[in-house]
Amino acid sequence: MGRITAFDYPPGPHVRRHGPFGYTDYKSYRDWLRDDFCFRCVFCLRRERWVRRRATFHIDHLVPRSEAPERACDYTNLVYVCASCNSVKSDLAVPDPCQVGFGQCVRVHDDGRIEPLSETGELLVDLLRLDDKDCTRYRKMILDTLRLIVRNKERDAHLQWMGYPEELPDLSRKTPPGNSRPDGIKRSCFARKLQGKLPESY
Ligand SMILES: [Zn+2]
């Protein structure tokens with residue numbers, strides 16, 4: 001427990017650990033995407049832990065299916081997102097988190113406000129409405145709660161908010177038709193937890 005990092009966007013572009021291919025239903029990539037994107041929305045950083053997961057997390061096509069139907073089941077075109085970001089984004093072309101580090105583009109302040117640091121950041125914030133009242137209020141609520149938890153040294157509560165999900169997907173049991181990055185399975189959260197190498201929180 002220390003600084004509140006819940007809304008620190010990754011400094012560099014996301015590097016995919018996994019490379020499954022060949023599924024004919026894009027939803028089959030869900031657990032791969034959950035692990036790859038750390039069980040949180042790549043756009044607003046909302047975590048599975050903070051919501052009822054099944055109702056709240058979706059798979060988004062970076063290049064929409066209407067534009068590139070041939071990429072509907074292309075893993076490199078898929079990201080893990082929350083329902084709010086998914087519905088706001090719709091068919092808009094937003095920056096690809098695997099091309100740009102969102103941490104270079106936006107910064108979230110202690111009071112929940114989000115500040116664009118570049119043109120790409122402005123685009124990201126505008127298109128996904130990350131600066132609307134509701135979104136800002138939500139971040140502030142989470143940050144206030146986490147600050148209280150840290151101040152009171154509530155270790156269990158901290159793990160509930162900032163830990164990995166209790167049930168992690170065992171990707172070694174998945175059998176996609178192909179996988180261009182099979183080694184990623186060894187670095188999945190499930191495998192690292194088995195080896196005792198997964199941090200308690202992130
Ligand atoms: Zn989101």
# chains A, B, ... in the order shown; residues from 1 in each chain; ligands from 1
call {"tool": "residues_near_ligand", "arguments": {"ligand": "ligand 1", "cutoff": "10 Å", "atoms": "only C-alpha atoms and all ligand atoms", "output": "list in words"}}
result
Arg40, Cys41, Val42, Phe43, Cys44, Leu45, Arg46, Arg47, Thr56, Phe57, His58, Tyr80, Val81, Cys82, Ala83, Ser84, Cys85, Asn86, Ser87, Val88, Lys89, Leu128, Leu130 and Cys135 of chain A
call {"tool": "select_by_dssp", "arguments": {"residues": "region 33-145 of chain A", "states": "strand (DSSP E or B)", "output": "tab-separated table (two decimals) with N, CA and C atoms, in the first residue's frame"}}
result
chain	number	residue	atom	x	y	z
A	40	ARG	N	-8.96	-5.08	-16.68
A	40	ARG	CA	-9.54	-3.74	-16.54
A	40	ARG	C	-9.78	-3.15	-17.94
A	47	ARG	N	-11.78	-1.48	-13.18
A	47	ARG	CA	-11.36	-2.87	-12.99
A	47	ARG	C	-12.54	-3.81	-12.78
A	57	PHE	N	-18.22	-5.90	-18.62
A	57	PHE	CA	-17.07	-5.89	-19.51
A	57	PHE	C	-17.37	-6.48	-20.89
A	58	HIS	N	-16.88	-5.79	-21.87
A	58	HIS	CA	-17.14	-6.18	-23.25
A	58	HIS	C	-15.81	-6.32	-24.02
A	59	ILE	N	-15.94	-6.81	-25.23
A	59	ILE	CA	-14.80	-6.85	-26.14
A	59	ILE	C	-15.05	-5.80	-27.22
A	60	ASP	N	-14.08	-4.94	-27.41
A	60	ASP	CA	-14.25	-3.90	-28.42
A	60	ASP	C	-13.36	-4.18	-29.63
A	61	HIS	N	-13.92	-3.88	-30.83
A	61	HIS	CA	-13.13	-3.95	-32.06
A	61	HIS	C	-12.55	-2.57	-32.31
A	78	LEU	N	-8.68	-6.52	-31.16
A	78	LEU	CA	-9.62	-6.60	-30.04
A	78	LEU	C	-8.99	-6.05	-28.76
A	79	VAL	N	-9.80	-5.35	-27.99
A	79	VAL	CA	-9.35	-4.88	-26.68
A	79	VAL	C	-10.46	-5.13	-25.66
A	80	TYR	N	-10.05	-5.14	-24.39
A	80	TYR	CA	-10.98	-5.41	-23.30
A	80	TYR	C	-11.44	-4.07	-22.72
A	81	VAL	N	-12.75	-3.87	-22.71
A	81	VAL	CA	-13.27	-2.56	-22.31
A	81	VAL	C	-14.51	-2.70	-21.43
A	82	CYS	N	-14.85	-1.61	-20.73
A	82	CYS	CA	-16.07	-1.64	-19.95
A	82	CYS	C	-17.24	-1.25	-20.86
A	106	VAL	N	-2.49	11.25	-21.35
A	106	VAL	CA	-3.45	11.77	-20.35
A	106	VAL	C	-2.92	11.56	-18.94
A	107	ARG	N	-3.39	12.44	-18.03
A	107	ARG	CA	-3.04	12.27	-16.62
A	107	ARG	C	-4.30	12.48	-15.79
A	108	VAL	N	-4.46	11.62	-14.79
A	108	VAL	CA	-5.61	11.76	-13.89
A	108	VAL	C	-5.13	12.40	-12.59
A	114	ILE	N	-9.41	14.43	-15.44
A	114	ILE	CA	-8.44	13.87	-16.39
A	114	ILE	C	-7.93	15.00	-17.28
A	115	GLU	N	-6.63	15.04	-17.48
A	115	GLU	CA	-6.04	16.13	-18.26
A	115	GLU	C	-5.33	15.55	-19.49
A	116	PRO	N	-5.70	16.00	-20.67
A	116	PRO	CA	-4.99	15.56	-21.87
A	116	PRO	C	-3.61	16.21	-21.91
call {"tool": "residues_around", "arguments": {"residues": "Pro176 (chain A)", "least_positions_apart": "3", "cutoff": "10 Å", "atoms": "only C-alpha atoms", "output": "list in words"}}
result
Gly19, Pro20, Phe21, Gly22, Tyr23, Thr24, Ser28, Tyr29, Leu171, Arg173 and Asn179 of chain A
call {"tool": "select_by_dssp", "arguments": {"residues": "region 101-143 of chain A", "states": "alpha helix (DSSP H)", "output": "list in words"}}
result
Glu119, Thr120, Gly121, Glu122, Leu123, Leu124, Val125, Asp126, Leu127, Leu128, Lys133, Asp134, Cys135, Thr136, Arg137, Tyr138, Arg139, Lys140, Met141, Ile142 and Leu143 of chain A
call {"tool": "write_last_selection", "arguments": {"atoms": "N, CA and C atoms", "output": "compact mmCIF listing (two decimals), in the first residue's frame"}}
result
# COMPACT_ATOMS: atom_id res chain seq x y z
N GLU A 119 -2.24 15.97 -28.28
CA GLU A 119 -3.39 15.93 -29.18
C GLU A 119 -4.07 14.57 -29.15
N THR A 120 -3.25 13.53 -29.07
CA THR A 120 -3.82 12.18 -28.98
C THR A 120 -4.65 12.05 -27.71
N GLY A 121 -4.13 12.65 -26.63
CA GLY A 121 -4.86 12.62 -25.37
C GLY A 121 -6.20 13.34 -25.48
N GLU A 122 -6.20 14.48 -26.18
CA GLU A 122 -7.45 15.22 -26.36
C GLU A 122 -8.46 14.38 -27.13
N LEU A 123 -7.95 13.70 -28.13
CA LEU A 123 -8.81 12.86 -28.96
C LEU A 123 -9.41 11.74 -28.10
N LEU A 124 -8.56 11.12 -27.31
CA LEU A 124 -8.98 10.02 -26.45
C LEU A 124 -10.06 10.48 -25.46
N VAL A 125 -9.79 11.62 -24.82
CA VAL A 125 -10.72 12.14 -23.81
C VAL A 125 -12.03 12.56 -24.47
N ASP A 126 -11.94 13.25 -25.62
CA ASP A 126 -13.15 13.73 -26.29
C ASP A 126 -14.00 12.58 -26.82
N LEU A 127 -13.36 11.67 -27.53
CA LEU A 127 -14.12 10.60 -28.17
C LEU A 127 -14.79 9.70 -27.13
N LEU A 128 -14.07 9.42 -26.06
CA LEU A 128 -14.61 8.51 -25.05
C LEU A 128 -15.30 9.25 -23.90
N LYS A 133 -18.92 14.50 -16.42
CA LYS A 133 -19.16 14.58 -14.97
C LYS A 133 -19.20 13.20 -14.33
N ASP A 134 -19.89 12.30 -14.98
CA ASP A 134 -20.11 10.97 -14.43
C ASP A 134 -18.79 10.22 -14.28
N CYS A 135 -17.99 10.32 -15.32
CA CYS A 135 -16.70 9.62 -15.35
C CYS A 135 -15.76 10.21 -14.29
N THR A 136 -15.75 11.52 -14.19
CA THR A 136 -14.88 12.20 -13.23
C THR A 136 -15.32 11.88 -11.80
N ARG A 137 -16.63 11.90 -11.58
CA ARG A 137 -17.17 11.59 -10.26
C ARG A 137 -16.81 10.15 -9.87
N TYR A 138 -16.88 9.25 -10.83
CA TYR A 138 -16.56 7.85 -10.56
C TYR A 138 -15.10 7.70 -10.14
N ARG A 139 -14.21 8.35 -10.89
CA ARG A 139 -12.78 8.26 -10.53
C ARG A 139 -12.53 8.86 -9.15
N LYS A 140 -13.19 9.99 -8.88
CA LYS A 140 -13.00 10.63 -7.57
C LYS A 140 -13.48 9.71 -6.45
N MET A 141 -14.60 9.06 -6.67
CA MET A 141 -15.15 8.16 -5.65
C MET A 141 -14.16 7.02 -5.36
N ILE A 142 -13.61 6.45 -6.43
CA ILE A 142 -12.65 5.35 -6.26
C ILE A 142 -11.40 5.86 -5.55
N LEU A 143 -10.90 7.01 -5.99
CA LEU A 143 -9.67 7.55 -5.40
C LEU A 143 -9.87 7.91 -3.92
call {"tool": "residues_around", "arguments": {"residues": "Ile185 (chain A)", "least_positions_apart": "2", "cutoff": "7 Å", "atoms": "only C-alpha atoms", "output": "ChimeraX atom specification"}}
result
/A:171-172,182-183,187-188
call {"tool": "write_last_selection", "arguments": {"atoms": "C-alpha atoms", "output": "CSV table (one decimal), in the first residue's frame"}}
result
chain,number,residue,atom,x,y,z
A,171,LEU,CA,-5.1,-20.2,-20.4
A,172,SER,CA,-3.1,-23.4,-20.7
A,182,PRO,CA,2.4,-19.6,-26.9
A,183,ASP,CA,5.1,-18.4,-24.4
A,187,ARG,CA,3.5,-15.2,-18.2
A,188,SER,CA,-0.3,-15.2,-17.7
call {"tool": "residues_around", "arguments": {"residues": "region 62-64 of chain A", "least_positions_apart": "2", "cutoff": "10 Å", "atoms": "only C-alpha atoms", "output": "ChimeraX atom specification"}}
result
/A:59-60,66-69,71-72,76-79,89-97
call {"tool": "write_last_selection", "arguments": {"atoms": "N, CA and C atoms", "output": "PDB file, in the first residue's frame"}}
result
ATOM      1  N   ILE A  59     -15.943  -6.815 -25.234  1.00  0.00           N
ATOM      2  CA  ILE A  59     -14.798  -6.853 -26.142  1.00  0.00           C
ATOM      3  C   ILE A  59     -15.052  -5.802 -27.215  1.00  0.00           C
ATOM      4  N   ASP A  60     -14.078  -4.939 -27.411  1.00  0.00           N
ATOM      5  CA  ASP A  60     -14.250  -3.896 -28.424  1.00  0.00           C
ATOM      6  C   ASP A  60     -13.363  -4.179 -29.633  1.00  0.00           C
ATOM      7  N   SER A  66     -18.049  -2.969 -38.913  1.00  0.00           N
ATOM      8  CA  SER A  66     -18.694  -2.407 -40.103  1.00  0.00           C
ATOM      9  C   SER A  66     -17.646  -1.982 -41.135  1.00  0.00           C
ATOM     10  N   GLU A  67     -16.465  -1.591 -40.631  1.00  0.00           N
ATOM     11  CA  GLU A  67     -15.406  -1.099 -41.513  1.00  0.00           C
ATOM     12  C   GLU A  67     -14.486  -2.213 -41.988  1.00  0.00           C
ATOM     13  N   ALA A  68     -14.239  -3.165 -41.108  1.00  0.00           N
ATOM     14  CA  ALA A  68     -13.310  -4.247 -41.452  1.00  0.00           C
ATOM     15  C   ALA A  68     -13.867  -5.590 -40.954  1.00  0.00           C
ATOM     16  N   PRO A  69     -14.894  -6.076 -41.654  1.00  0.00           N
ATOM     17  CA  PRO A  69     -15.511  -7.336 -41.192  1.00  0.00           C
ATOM     18  C   PRO A  69     -14.502  -8.482 -41.132  1.00  0.00           C
ATOM     19  N   ARG A  71     -11.653  -8.398 -39.976  1.00  0.00           N
ATOM     20  CA  ARG A  71     -10.872  -8.351 -38.738  1.00  0.00           C
ATOM     21  C   ARG A  71     -11.724  -8.610 -37.485  1.00  0.00           C
ATOM     22  N   ALA A  72     -12.934  -9.082 -37.696  1.00  0.00           N
ATOM     23  CA  ALA A  72     -13.852  -9.300 -36.574  1.00  0.00           C
ATOM     24  C   ALA A  72     -13.261 -10.259 -35.544  1.00  0.00           C
ATOM     25  N   THR A  76      -5.511  -8.982 -32.687  1.00  0.00           N
ATOM     26  CA  THR A  76      -4.807  -7.696 -32.590  1.00  0.00           C
ATOM     27  C   THR A  76      -5.759  -6.512 -32.801  1.00  0.00           C
ATOM     28  N   ASN A  77      -6.986  -6.814 -33.199  1.00  0.00           N
ATOM     29  CA  ASN A  77      -7.975  -5.750 -33.358  1.00  0.00           C
ATOM     30  C   ASN A  77      -8.926  -5.678 -32.167  1.00  0.00           C
ATOM     31  N   LEU A  78      -8.682  -6.525 -31.161  1.00  0.00           N
ATOM     32  CA  LEU A  78      -9.618  -6.603 -30.037  1.00  0.00           C
ATOM     33  C   LEU A  78      -8.994  -6.047 -28.760  1.00  0.00           C
ATOM     34  N   VAL A  79      -9.800  -5.347 -27.994  1.00  0.00           N
ATOM     35  CA  VAL A  79      -9.352  -4.876 -26.678  1.00  0.00           C
ATOM     36  C   VAL A  79     -10.459  -5.134 -25.661  1.00  0.00           C
ATOM     37  N   LYS A  89     -17.826   4.665 -27.406  1.00  0.00           N
ATOM     38  CA  LYS A  89     -16.907   4.559 -28.545  1.00  0.00           C
ATOM     39  C   LYS A  89     -17.655   4.187 -29.808  1.00  0.00           C
ATOM     40  N   SER A  90     -18.549   3.231 -29.680  1.00  0.00           N
ATOM     41  CA  SER A  90     -19.323   2.778 -30.834  1.00  0.00           C
ATOM     42  C   SER A  90     -18.400   2.512 -32.023  1.00  0.00           C
ATOM     43  N   ASP A  91     -18.622   3.183 -33.145  1.00  0.00           N
ATOM     44  CA  ASP A  91     -17.795   2.933 -34.331  1.00  0.00           C
ATOM     45  C   ASP A  91     -16.697   3.977 -34.525  1.00  0.00           C
ATOM     46  N   LEU A  92     -16.426   4.768 -33.497  1.00  0.00           N
ATOM     47  CA  LEU A  92     -15.403   5.813 -33.643  1.00  0.00           C
ATOM     48  C   LEU A  92     -14.005   5.194 -33.656  1.00  0.00           C
ATOM     49  N   ALA A  93     -13.105   5.851 -34.386  1.00  0.00           N
ATOM     50  CA  ALA A  93     -11.717   5.381 -34.412  1.00  0.00           C
ATOM     51  C   ALA A  93     -10.954   6.068 -33.290  1.00  0.00           C
ATOM     52  N   VAL A  94     -10.640   5.321 -32.248  1.00  0.00           N
ATOM     53  CA  VAL A  94      -9.894   5.898 -31.119  1.00  0.00           C
ATOM     54  C   VAL A  94      -8.443   5.419 -31.188  1.00  0.00           C
ATOM     55  N   PRO A  95      -7.532   6.137 -30.506  1.00  0.00           N
ATOM     56  CA  PRO A  95      -6.133   5.702 -30.526  1.00  0.00           C
ATOM     57  C   PRO A  95      -5.985   4.262 -30.026  1.00  0.00           C
ATOM     58  N   ASP A  96      -5.084   3.531 -30.650  1.00  0.00           N
ATOM     59  CA  ASP A  96      -4.840   2.128 -30.316  1.00  0.00           C
ATOM     60  C   ASP A  96      -3.855   2.045 -29.151  1.00  0.00           C
ATOM     61  N   PRO A  97      -4.274   1.457 -28.038  1.00  0.00           N
ATOM     62  CA  PRO A  97      -3.377   1.378 -26.862  1.00  0.00           C
ATOM     63  C   PRO A  97      -2.110   0.568 -27.126  1.00  0.00           C
TER      64      PRO A  97
END
call {"tool": "residues_around", "arguments": {"residues": "Asp144 (chain A)", "least_positions_apart": "6", "cutoff": "10 Å", "atoms": "only C-alpha atoms", "output": "PyMOL selection string"}}
result
chain A and resi 4+110-112+138+150
call {"tool": "atom_distance", "arguments": {"atom1": "CA of Arg181 (chain A)", "atom2": "CA of His18 (chain A)"}}
result
5.3 Å
call {"tool": "atom_distance", "arguments": {"atom1": "CA of Val100 (chain A)", "atom2": "CA of Leu33 (chain A)"}}
result
17.9 Å
call {"tool": "closest_residue", "arguments": {"among": "A:Trp161, A:Leu194, A:Tyr9, A:Pro199", "to": "Gly101 (chain A)", "atoms": "only C-alpha atoms"}}
result
A:Tyr9
call {"tool": "residues_around", "arguments": {"residues": "region 153-160 of chain A", "least_positions_apart": "3", "cutoff": "9 Å", "atoms": "only C-alpha atoms", "output": "PyMOL selection string"}}
result
chain A and resi 1+49-50+146+148-150+163-165+200-201
call {"tool": "write_last_selection", "arguments": {"atoms": "C-alpha atoms", "output": "CSV table (one decimal), in the first residue's frame"}}
result
chain,number,residue,atom,x,y,z
A,1,MET,CA,0.0,0.0,0.0
A,49,ARG,CA,-13.0,-5.9,-9.1
A,50,TRP,CA,-15.0,-2.7,-9.0
A,146,LEU,CA,-8.6,4.1,-1.8
A,148,LEU,CA,-9.2,6.2,3.1
A,149,ILE,CA,-8.3,2.5,2.8
A,150,VAL,CA,-4.6,3.3,2.7
A,163,GLY,CA,-5.8,-7.1,-6.2
A,164,TYR,CA,-6.2,-9.4,-9.1
A,165,PRO,CA,-9.5,-11.2,-9.5
A,200,GLU,CA,-0.8,-9.1,-4.5
A,201,SER,CA,-2.0,-5.9,-6.1
call {"tool": "atom_distance", "arguments": {"atom1": "CA of Arg17 (chain A)", "atom2": "CA of Asp36 (chain A)"}}
result
6.0 Å
